[in-house]
Structure formats: structure tokens, C-alpha cells
Amino acid sequence: MKKSRFITGLPKVLFYARMSLGCAWRFRSEICRLGLSGYLGMLRRASKFTRLFFKHKLLRLPSGEYKLDFYMPRYPSEAFFTAMSDKLLCRPPRPVSVVFSMTKTCSFRCPHCYQGLDDPRELPLERMVEVVRELRDFGVAAWAVEGGEPLLRFERLEAVLREIQGLEVWVNSTGFSATPEKIRRLAELRVTGVMSSIHSVGPAEHDAFTGVPGSWRGSLQFLADCKRAGMLTGFNTVLTDEPILSGGIDGIMNLAKEHDCDYVQLIHPKMCGRWKNENFDTTRHEEAVKIACAAQVRYNSSKEKHAPILTAQVFEESPEMLGCCCGGIDRFYIGCSGEVQPCEFVNLSFGNLNEVSFGTAYSQMRRAFAVPCENWICCELAEEIAAAFDGQYPLPWSVTETLIRNRRSGKPTEIYRKMGIYQ
Ligand code: SF4
Ligand code: SF4
């Protein structure tokens with residue numbers, strides 16, 4: 001019988017034991033710098049951090065590497081150890097990942113598009129590549145490269161991917177305009193995986209949502225072609241409370257399993273971008289969150305050993321996990337016109353890279369998000385951001401500065417408080 005690529009139970013425990021020894025060995029030179037007790041303290045922090053990943057099924061890659069968690073680079077890649085040292089050794093800690101939009105060009109008309117109201121002007125190619133190099137050299141180890149539709153601006157996509165080969169690189173794409181040559185090139189440029197939007201189990205509903213007939217089949221075909229080319233694959237799925245309450249998660253998970261996907265990222269809908277004024281029915285929201293969290297636990301257990309890994313944002317961003325890690329804590333976003341944002345779902349800019357250096361925008365952002373906290377900024381500030389909308393997103397730094405000052409961030413996130421790495 002074929003060995004499953006998903007690992008649970010005792011083999012997962014043994015893997016974590018081996019990995020802990022591997023990390024201790026990898027960072028052994030730190031004994032000289034930190035002293036024995038400092039070194040042991042660092043290992044204790046590493047163990048607290050990796051305990052979060054243990055809540056996920058382990059994924060064995062054809063390369064022999066392992067994914068502990070969707071958001072963490074594969075082990076034992078260089079990108080993994082960069083991400084670990086981001087948290088364990090750098091003071092202040094660096095973010096692990098960036099969502100990098102390189103174009104707004106897209107043929108779809110999704111109503112929830114978070115960049116649907118953004119400035120469509122792209123950063124000039126040269127400046128974009130310069131920014132990519134700067135982020136790479138700064139130590140950003142995990143990249144989600146996206147559009148718009150990145151395949152429609154393939155020369156820009158290639159320019160980005162060339163600079164970050166070997167890091168953890170995912171491409172978010174609808175598959176629109178994919179060709180065998182483009183897919184072969186993604187594999188050549190060592191893309192780790194691709195994610196494509198699938199918002200319902202049937203084509204009609206999905207195509208009505210995207211506004212493009214055939215988009216559901218196009219995404220599935222694209223994922224299948226990328227899998228054949230050796231990349232990991234997954235769905236990006238946005239479900240409102242109503243489909244979650246009526247069993248929608250299982251339907252999506254079955255579809256993803258049928259199509260041999262590795263991940264399903266379940267995204268909770270947010271009032272941002274084109275959905276800035278959307279009135280979601282929140283009467284049964286808590287119940288829907290509980291269902292999504294329970295599904296995450298089940299799809300990461302041996303009960304669902306052969307199903308894809310579910311990574312539900314409401315679980316990953318809960319106080320027991322990482323809370324809200326935007327603003328360069330773990331992640332941030334760069335829009336196609338060069339706006340530095342705390343998260344793709346927060347239409348606030350900390351500076352435009354045509355006007356300021358990355359260092360300036362980044363420091364402004366880090367000062368605003370000095371300590372990781374529990375409150376979800378995308379929800380907390382949604383109404384204020386929408387009220388300040390003046391024809392284009394993201395809101396400029398002059399407005400951001402005031403809005404961010406008065407936000408309610410909630411309690412510091414427990415895991416990072418225990419690790420004591422943010423002061
Ligand atoms: S959500 Fe993605 S696919 Fe949909 S319109 Fe926006 S960029 Fe295009
Ligand atoms: S703002 Fe925070 S909680 Fe919301 S999606 Fe971004 S990281 Fe997650």
C-alpha cells in the first residue's frame with residue numbers, strides 16, 4: 001500500500017524528536033555567544049514555538065523535506081532555519097513571511113477582492129526587483145507571490161521568482177492564462193506550491209462569484225497540472241458563516257481530497273477592499289467559528305489521515321495559537337503599487353516604496369505593532385478604515401498614523417509573551 005504523505009501519531013512524535021535534535025545541532029555555535037544557560041533558554045523558546053506546529057498534520061514532500069505548518073518554510077531548508085532564527089535569535093524578531101502582490105491585473109471580478117479598490121499602477125520592474133532583493137536579504141523566508149492574476153504578468157512574476165529561488169515560495173493564482181510552458185517555468189524556478197481560489201463545491205456558484213464562466217474548472221485543472229509538475233497544491237477558500245453552519249467545510253475538504261491537494265486554507269470573510277461595506281450576518285458567528293476550529297482539529301488528526309491539511313484562519317489566529325500576527329510580527333503585505341501594509345486584509349499604508357525606503361515604512365509599521373496581540377486588526381479597524389475611504393485604498397500613511405494610534409489591540413499573545421521575545 002502507498003505510504004501516506006500525511007504523518008500523524010507516533011511517527012510524527014518521532015519526527016519532532018529528531019527535528020529538535022537537528023535544531024539544537026544547527027544552532028550549536030550560539031553556545032559561545034549566549035553561554036550554556038542562554039543557549040538552553042533559546043532551545044526552550046524553540047520548543048514552545050514548535051509546539052504550535054505540532055497541532056498540524058505533518059506533510060512529507062517528494063523532495064524528502066517536511067512541512068510542519070502551512071505558514072512555516074519546509075524543514076530542513078535554509079528558509080526554515082532563517083525563520084527559526086528570526087524568532088529565536090534576532091532582536092527585535094523579524095517577520096517570517098510576506099504576501100507580495102506584483103500586479104493588480106486580473107480578469108476576475110470577485111466581490112471580496114481585498115485589493116479591488118487599490119491604485120492599479122505597478123511598481124516599475126526595476127524598483128520591484130530591488131524591493132524583492134531587499135526583503136530577501138533582510139531575511140524574509142516565506143513568500144506568497146500573487147496578483148491580481150500573476151500569470152497575466154508573467155515577466156514580472158519570473159523577475160520576482162528568480163530572486164527568491166530556494167526560499168519558501170508559494171504562488172496564489174486562479175490559473176487563468178496558464179500554459180504548460182508557464183507551469184514548467186514555475187517548477188524550474190523552484191516554486192514550493194500554488195494556491196488557487198475555490199469557494200464552493202460546484203462550478204455554478206463559484207463562477208457566479210468570480211464573474212468568469214469556467215473559473216472553477218480552470219482552477220482545478222491548474223492545480224492538477226502544477227501537482228504533476230512537482231509542486232504542492234491547495235485551495236484558498238472563503239466561506240461565510242452560513243455555509244460553514246450547513247456543513248460546507250466537509251464538502252470543500254472532500255473536493256480537495258478528490259483533487260489530491262495538500263492544503264485548504266479557510267479564510268474568514270473580512271470587511272475590506274470591495275467588501276468594505278458588506279454587512280455579514282453575525283448572529284451565529286461564534287457557532288461557525290467553533291465548527292471551523294473543530295474541523296481544523298479533526299482534519300489534522302489521524303482520523304483524517306488521508307485528507308488534505310486544513311488551516312483555518314480562525315484557528316491559527318486564535319489566542320491559543322498566534323493571535324493577530326500582522327504588521328511585521330510574522331507577516332505583512334506589499335501591494336502592487338508599492339504600499340507597505342500590515343496585512344493584505346488591512347487597507348492601511350505605512351508608506352509607498354516609490355516615495356520612501358522599505359526601512360522607513362517598515363520601522364513605522366513595527367512601531368505601531370511592537371507587541372503581538374490577540375485582537376484581529378482586520379476586524380477591529382474595519383469600520384474606521386471604511387469610513388475614512390476617499391476613493392482609493394490603502395489609506396495613506398497620514399491617515400494610517402491617526403487610525404492606528406487609537407486601535408484596541410487586546411491582550412499580548414500568550415505564546416510570544418511566554419517566549420519573551422517582544423518587549
Ligand atoms: S480576489 Fe483575486 S481573482 Fe478575484 S478579482 Fe481579486 S485578484 Fe482577481
Ligand atoms: S489582520 Fe491579523 S487577524 Fe486579520 S488576517 Fe491579518 S494577521 Fe490575521
# chains A, B, ... in the order shown; residues from 1 in each chain; ligands from 1
$ residues_near_ligand --ligand "ligand 1" --cutoff "10 Å" --atoms "only C-alpha atoms and all ligand atoms" --output "number ranges by chain"
A: 101, 103-117, 146-150, 172-176, 196-197, 209-212, 215, 273-274
$ write_last_selection --atoms "N, CA, C and O atoms" --output "short mmCIF file (atom, residue, chain, number, x, y, z; two decimals), in the first residue's frame"
data_model
loop_
_atom_site.label_atom_id
_atom_site.label_comp_id
_atom_site.auth_asym_id
_atom_site.auth_seq_id
_atom_site.Cartn_x
_atom_site.Cartn_y
_atom_site.Cartn_z
N SER A 101 2.22 41.33 -3.74
CA SER A 101 1.41 41.44 -4.96
C SER A 101 2.23 42.16 -6.03
O SER A 101 2.73 43.26 -5.79
N THR A 103 1.08 42.60 -9.34
CA THR A 103 0.22 43.26 -10.33
C THR A 103 -1.21 43.28 -9.81
O THR A 103 -1.58 42.43 -8.99
N LYS A 104 -1.99 44.22 -10.31
CA LYS A 104 -3.41 44.19 -9.97
C LYS A 104 -4.23 43.65 -11.16
O LYS A 104 -5.42 43.42 -11.05
N THR A 105 -3.53 43.44 -12.27
CA THR A 105 -4.21 42.95 -13.47
C THR A 105 -4.94 41.64 -13.19
O THR A 105 -4.33 40.69 -12.67
N CYS A 106 -6.21 41.58 -13.51
CA CYS A 106 -6.97 40.36 -13.26
C CYS A 106 -8.26 40.42 -14.07
O CYS A 106 -8.85 41.49 -14.21
N SER A 107 -8.68 39.26 -14.60
CA SER A 107 -9.91 39.25 -15.39
C SER A 107 -11.12 38.91 -14.53
O SER A 107 -12.23 38.89 -15.02
N PHE A 108 -10.88 38.58 -13.28
CA PHE A 108 -11.98 38.18 -12.41
C PHE A 108 -12.60 39.41 -11.74
O PHE A 108 -11.97 40.46 -11.67
N ARG A 109 -13.79 39.25 -11.22
CA ARG A 109 -14.47 40.37 -10.56
C ARG A 109 -14.99 39.92 -9.19
O ARG A 109 -16.14 40.15 -8.84
N CYS A 110 -14.16 39.26 -8.41
CA CYS A 110 -14.62 38.73 -7.12
C CYS A 110 -15.07 39.88 -6.21
O CYS A 110 -14.32 40.86 -6.05
N PRO A 111 -16.24 39.75 -5.60
CA PRO A 111 -16.74 40.86 -4.77
C PRO A 111 -15.95 41.07 -3.49
O PRO A 111 -16.06 42.12 -2.87
N HIS A 112 -15.15 40.06 -3.08
CA HIS A 112 -14.44 40.19 -1.80
C HIS A 112 -12.99 40.65 -1.98
O HIS A 112 -12.23 40.71 -1.02
N CYS A 113 -12.61 40.99 -3.21
CA CYS A 113 -11.20 41.28 -3.52
C CYS A 113 -10.64 42.37 -2.59
O CYS A 113 -11.09 43.51 -2.61
N TYR A 114 -9.61 42.00 -1.80
CA TYR A 114 -9.10 42.97 -0.83
C TYR A 114 -8.30 44.09 -1.48
O TYR A 114 -8.04 45.11 -0.87
N GLN A 115 -7.86 43.88 -2.73
CA GLN A 115 -7.12 44.95 -3.39
C GLN A 115 -7.93 45.55 -4.54
O GLN A 115 -7.39 46.28 -5.37
N GLY A 116 -9.23 45.24 -4.54
CA GLY A 116 -10.10 45.69 -5.64
C GLY A 116 -10.19 47.21 -5.75
O GLY A 116 -10.52 47.72 -6.82
N LEU A 117 -9.93 47.93 -4.67
CA LEU A 117 -10.04 49.39 -4.71
C LEU A 117 -8.67 50.06 -4.63
O LEU A 117 -8.56 51.26 -4.37
N GLU A 146 1.63 37.01 -5.53
CA GLU A 146 0.29 36.99 -6.10
C GLU A 146 0.03 38.21 -6.95
O GLU A 146 0.88 39.09 -7.09
N GLY A 147 -1.21 38.29 -7.47
CA GLY A 147 -1.63 39.47 -8.21
C GLY A 147 -2.71 40.17 -7.42
O GLY A 147 -2.62 40.18 -6.18
N GLY A 148 -3.77 40.62 -8.04
CA GLY A 148 -4.27 40.24 -9.34
C GLY A 148 -4.00 38.79 -9.72
O GLY A 148 -3.93 37.91 -8.89
N GLU A 149 -3.84 38.63 -11.03
CA GLU A 149 -3.52 37.30 -11.54
C GLU A 149 -2.06 37.32 -12.01
O GLU A 149 -1.76 37.89 -13.07
N PRO A 150 -1.16 36.70 -11.24
CA PRO A 150 0.27 36.79 -11.58
C PRO A 150 0.63 36.21 -12.93
O PRO A 150 1.57 36.67 -13.58
N ASN A 172 -0.06 32.44 -5.53
CA ASN A 172 -1.53 32.43 -5.50
C ASN A 172 -2.03 32.78 -6.89
O ASN A 172 -1.74 33.86 -7.39
N SER A 173 -2.75 31.85 -7.50
CA SER A 173 -3.20 32.11 -8.87
C SER A 173 -4.53 31.41 -9.14
O SER A 173 -4.80 30.34 -8.60
N THR A 174 -5.32 32.03 -10.01
CA THR A 174 -6.57 31.39 -10.43
C THR A 174 -6.30 30.37 -11.53
O THR A 174 -7.19 29.63 -11.92
N GLY A 175 -5.10 30.41 -12.06
CA GLY A 175 -4.77 29.53 -13.19
C GLY A 175 -5.18 30.15 -14.52
O GLY A 175 -4.91 29.58 -15.59
N PHE A 176 -5.80 31.34 -14.49
CA PHE A 176 -6.25 31.99 -15.72
C PHE A 176 -5.03 32.33 -16.58
O PHE A 176 -4.10 32.95 -16.09
N SER A 196 -4.97 28.07 -5.20
CA SER A 196 -5.95 28.62 -6.12
C SER A 196 -7.28 28.76 -5.40
O SER A 196 -7.61 27.93 -4.54
N SER A 197 -8.03 29.78 -5.75
CA SER A 197 -9.31 30.01 -5.06
C SER A 197 -10.36 29.01 -5.49
O SER A 197 -10.60 28.83 -6.69
N PHE A 209 -19.58 33.80 -8.50
CA PHE A 209 -18.84 34.64 -7.54
C PHE A 209 -17.67 35.37 -8.23
O PHE A 209 -17.48 36.57 -8.06
N THR A 210 -16.92 34.64 -9.04
CA THR A 210 -15.74 35.26 -9.69
C THR A 210 -16.12 36.09 -10.91
O THR A 210 -15.33 36.92 -11.36
N GLY A 211 -17.33 35.82 -11.44
CA GLY A 211 -17.77 36.55 -12.64
C GLY A 211 -17.15 35.99 -13.91
O GLY A 211 -17.26 36.60 -14.98
N VAL A 212 -16.53 34.82 -13.83
CA VAL A 212 -15.86 34.25 -15.01
C VAL A 212 -16.32 32.80 -15.23
O VAL A 212 -15.96 31.91 -14.45
N SER A 215 -14.25 29.33 -14.40
CA SER A 215 -13.14 29.61 -13.48
C SER A 215 -12.91 28.47 -12.48
O SER A 215 -11.78 28.19 -12.09
N GLY A 273 -11.34 46.00 1.25
CA GLY A 273 -11.38 46.06 -0.21
C GLY A 273 -12.80 46.26 -0.70
O GLY A 273 -13.56 47.06 -0.15
N ARG A 274 -13.18 45.49 -1.73
CA ARG A 274 -14.54 45.65 -2.29
C ARG A 274 -15.64 45.27 -1.31
O ARG A 274 -16.79 45.63 -1.50
#
$ select_by_dssp --residues "range 165-401 of chain A" --states "strand (DSSP E or B)" --output "PyMOL selection string"
chain A and resi 168-172+193-197+232-238+263-267+309-312+324+331-334+339-341+343+346+348+352+373+393+395
$ closest_atom_pairs --of "chain A" --to "ligand 2" --cutoff "12 Å" --atoms "only C-alpha atoms and all ligand atoms" --output "Markdown table"
| residue | atom | partner | partner_atom_place_in_ligand_line | distance |
| --- | --- | --- | --- | --- |
| A:Tyr71 | CA | ligand 2 | 7 (S) | 11.8 |
| A:Pro95 | CA | ligand 2 | 7 (S) | 11.7 |
| A:Ser97 | CA | ligand 2 | 7 (S) | 11.1 |
| A:Val98 | CA | ligand 2 | 7 (S) | 11.2 |
| A:Val99 | CA | ligand 2 | 6 (Fe) | 10.8 |
| A:Tyr114 | CA | ligand 2 | 5 (S) | 11.0 |
| A:Leu266 | CA | ligand 2 | 5 (S) | 11.3 |
| A:Ile267 | CA | ligand 2 | 5 (S) | 8.3 |
| A:His268 | CA | ligand 2 | 5 (S) | 8.3 |
| A:Pro269 | CA | ligand 2 | 5 (S) | 9.4 |
| A:Lys270 | CA | ligand 2 | 4 (Fe) | 8.1 |
| A:Met271 | CA | ligand 2 | 4 (Fe) | 10.4 |
| A:Cys272 | CA | ligand 2 | 4 (Fe) | 10.4 |
| A:Ala312 | CA | ligand 2 | 8 (Fe) | 10.6 |
| A:Gln313 | CA | ligand 2 | 8 (Fe) | 6.9 |
| A:Val314 | CA | ligand 2 | 3 (S) | 8.1 |
| A:Phe315 | CA | ligand 2 | 8 (Fe) | 10.3 |
| A:Glu316 | CA | ligand 2 | 8 (Fe) | 8.4 |
| A:Glu317 | CA | ligand 2 | 3 (S) | 5.8 |
| A:Ser318 | CA | ligand 2 | 3 (S) | 8.5 |
| A:Pro319 | CA | ligand 2 | 3 (S) | 10.4 |
| A:Met321 | CA | ligand 2 | 3 (S) | 11.4 |
| A:Leu322 | CA | ligand 2 | 7 (S) | 9.0 |
| A:Gly323 | CA | ligand 2 | 3 (S) | 6.7 |
| A:Cys324 | CA | ligand 2 | 2 (Fe) | 3.8 |
| A:Cys325 | CA | ligand 2 | 7 (S) | 4.6 |
| A:Cys326 | CA | ligand 2 | 7 (S) | 4.1 |
| A:Gly327 | CA | ligand 2 | 7 (S) | 7.8 |
| A:Gly328 | CA | ligand 2 | 7 (S) | 9.4 |
| A:Ile329 | CA | ligand 2 | 7 (S) | 8.9 |
| A:Asp330 | CA | ligand 2 | 7 (S) | 8.2 |
| A:Arg331 | CA | ligand 2 | 7 (S) | 7.1 |
| A:Phe332 | CA | ligand 2 | 7 (S) | 8.0 |
| A:Tyr333 | CA | ligand 2 | 6 (Fe) | 9.3 |
| A:Gln341 | CA | ligand 2 | 6 (Fe) | 10.0 |
| A:Pro342 | CA | ligand 2 | 1 (S) | 7.2 |
| A:Cys343 | CA | ligand 2 | 6 (Fe) | 4.8 |
| A:Glu344 | CA | ligand 2 | 6 (Fe) | 6.7 |
| A:Phe345 | CA | ligand 2 | 6 (Fe) | 5.7 |
| A:Val346 | CA | ligand 2 | 1 (S) | 6.0 |
| A:Asn347 | CA | ligand 2 | 1 (S) | 9.8 |
| A:Leu348 | CA | ligand 2 | 1 (S) | 10.7 |
| A:Phe369 | CA | ligand 2 | 2 (Fe) | 10.7 |
| A:Pro372 | CA | ligand 2 | 2 (Fe) | 9.6 |
| A:Cys373 | CA | ligand 2 | 2 (Fe) | 9.1 |
| A:Glu374 | CA | ligand 2 | 3 (S) | 8.2 |
| A:Asn375 | CA | ligand 2 | 3 (S) | 7.1 |
| A:Trp376 | CA | ligand 2 | 3 (S) | 3.9 |
| A:Ile377 | CA | ligand 2 | 1 (S) | 4.4 |
| A:Cys378 | CA | ligand 2 | 1 (S) | 4.1 |
| A:Cys379 | CA | ligand 2 | 4 (Fe) | 6.7 |
| A:Glu380 | CA | ligand 2 | 1 (S) | 8.6 |
| A:Leu381 | CA | ligand 2 | 1 (S) | 9.1 |
| A:Ala382 | CA | ligand 2 | 1 (S) | 9.8 |
| A:Ser409 | CA | ligand 2 | 2 (Fe) | 10.2 |
| A:Gly410 | CA | ligand 2 | 3 (S) | 11.9 |
| A:Thr413 | CA | ligand 2 | 2 (Fe) | 11.9 |
$ residues_around --residues "range 19-28 of chain A" --least-positions-apart "4" --cutoff "8 Å" --atoms "only C-alpha atoms" --output "number ranges by chain"
A: 15, 43, 47
$ residues_around --residues "range 122-131 of chain A" --least-positions-apart "5" --cutoff "7 Å" --atoms "only C-alpha atoms" --output "list in words"
Thr103, Arg156, Ala159, Val160, Cys336, Ser337 and Gly338 of chain A
$ residues_around --residues "Ile309 in chain A" --least-positions-apart "4" --cutoff "7 Å" --atoms "only C-alpha atoms" --output "list in words"
Lys57, Asp262, Tyr263, Val264, Tyr299 and Asn300 of chain A
$ residues_around --residues "Trp170 in chain A" --least-positions-apart "2" --cutoff "6 Å" --atoms "only C-alpha atoms" --output "JSON, numbers by chain"
{"A": [144, 192, 193, 194]}
$ write_last_selection --atoms "N, CA and C atoms" --output "short mmCIF file (atom, residue, chain, number, x, y, z; two decimals), in the first residue's frame"
data_model
loop_
_atom_site.label_atom_id
_atom_site.label_comp_id
_atom_site.auth_asym_id
_atom_site.auth_seq_id
_atom_site.Cartn_x
_atom_site.Cartn_y
_atom_site.Cartn_z
N ALA A 144 4.42 34.60 -0.34
CA ALA A 144 3.22 34.29 -1.12
C ALA A 144 3.19 35.35 -2.21
N THR A 192 7.52 26.36 -4.36
CA THR A 192 7.16 25.27 -3.44
C THR A 192 5.75 24.77 -3.73
N GLY A 193 4.84 25.72 -3.91
CA GLY A 193 3.46 25.31 -4.12
C GLY A 193 2.61 26.41 -4.70
N VAL A 194 1.43 26.04 -5.14
CA VAL A 194 0.47 27.02 -5.66
C VAL A 194 -0.85 26.87 -4.92
#
$ closest_residue --among "A:Leu61, A:Ile415, A:Leu167, A:Ile291" --to "Leu135 in chain A" --atoms "only C-alpha atoms"
A:Leu167
$ closest_residue --among "A:Thr400, A:Ser29, A:Thr8, A:Thr311" --to "Leu58 in chain A" --atoms "only C-alpha atoms"
A:Thr8
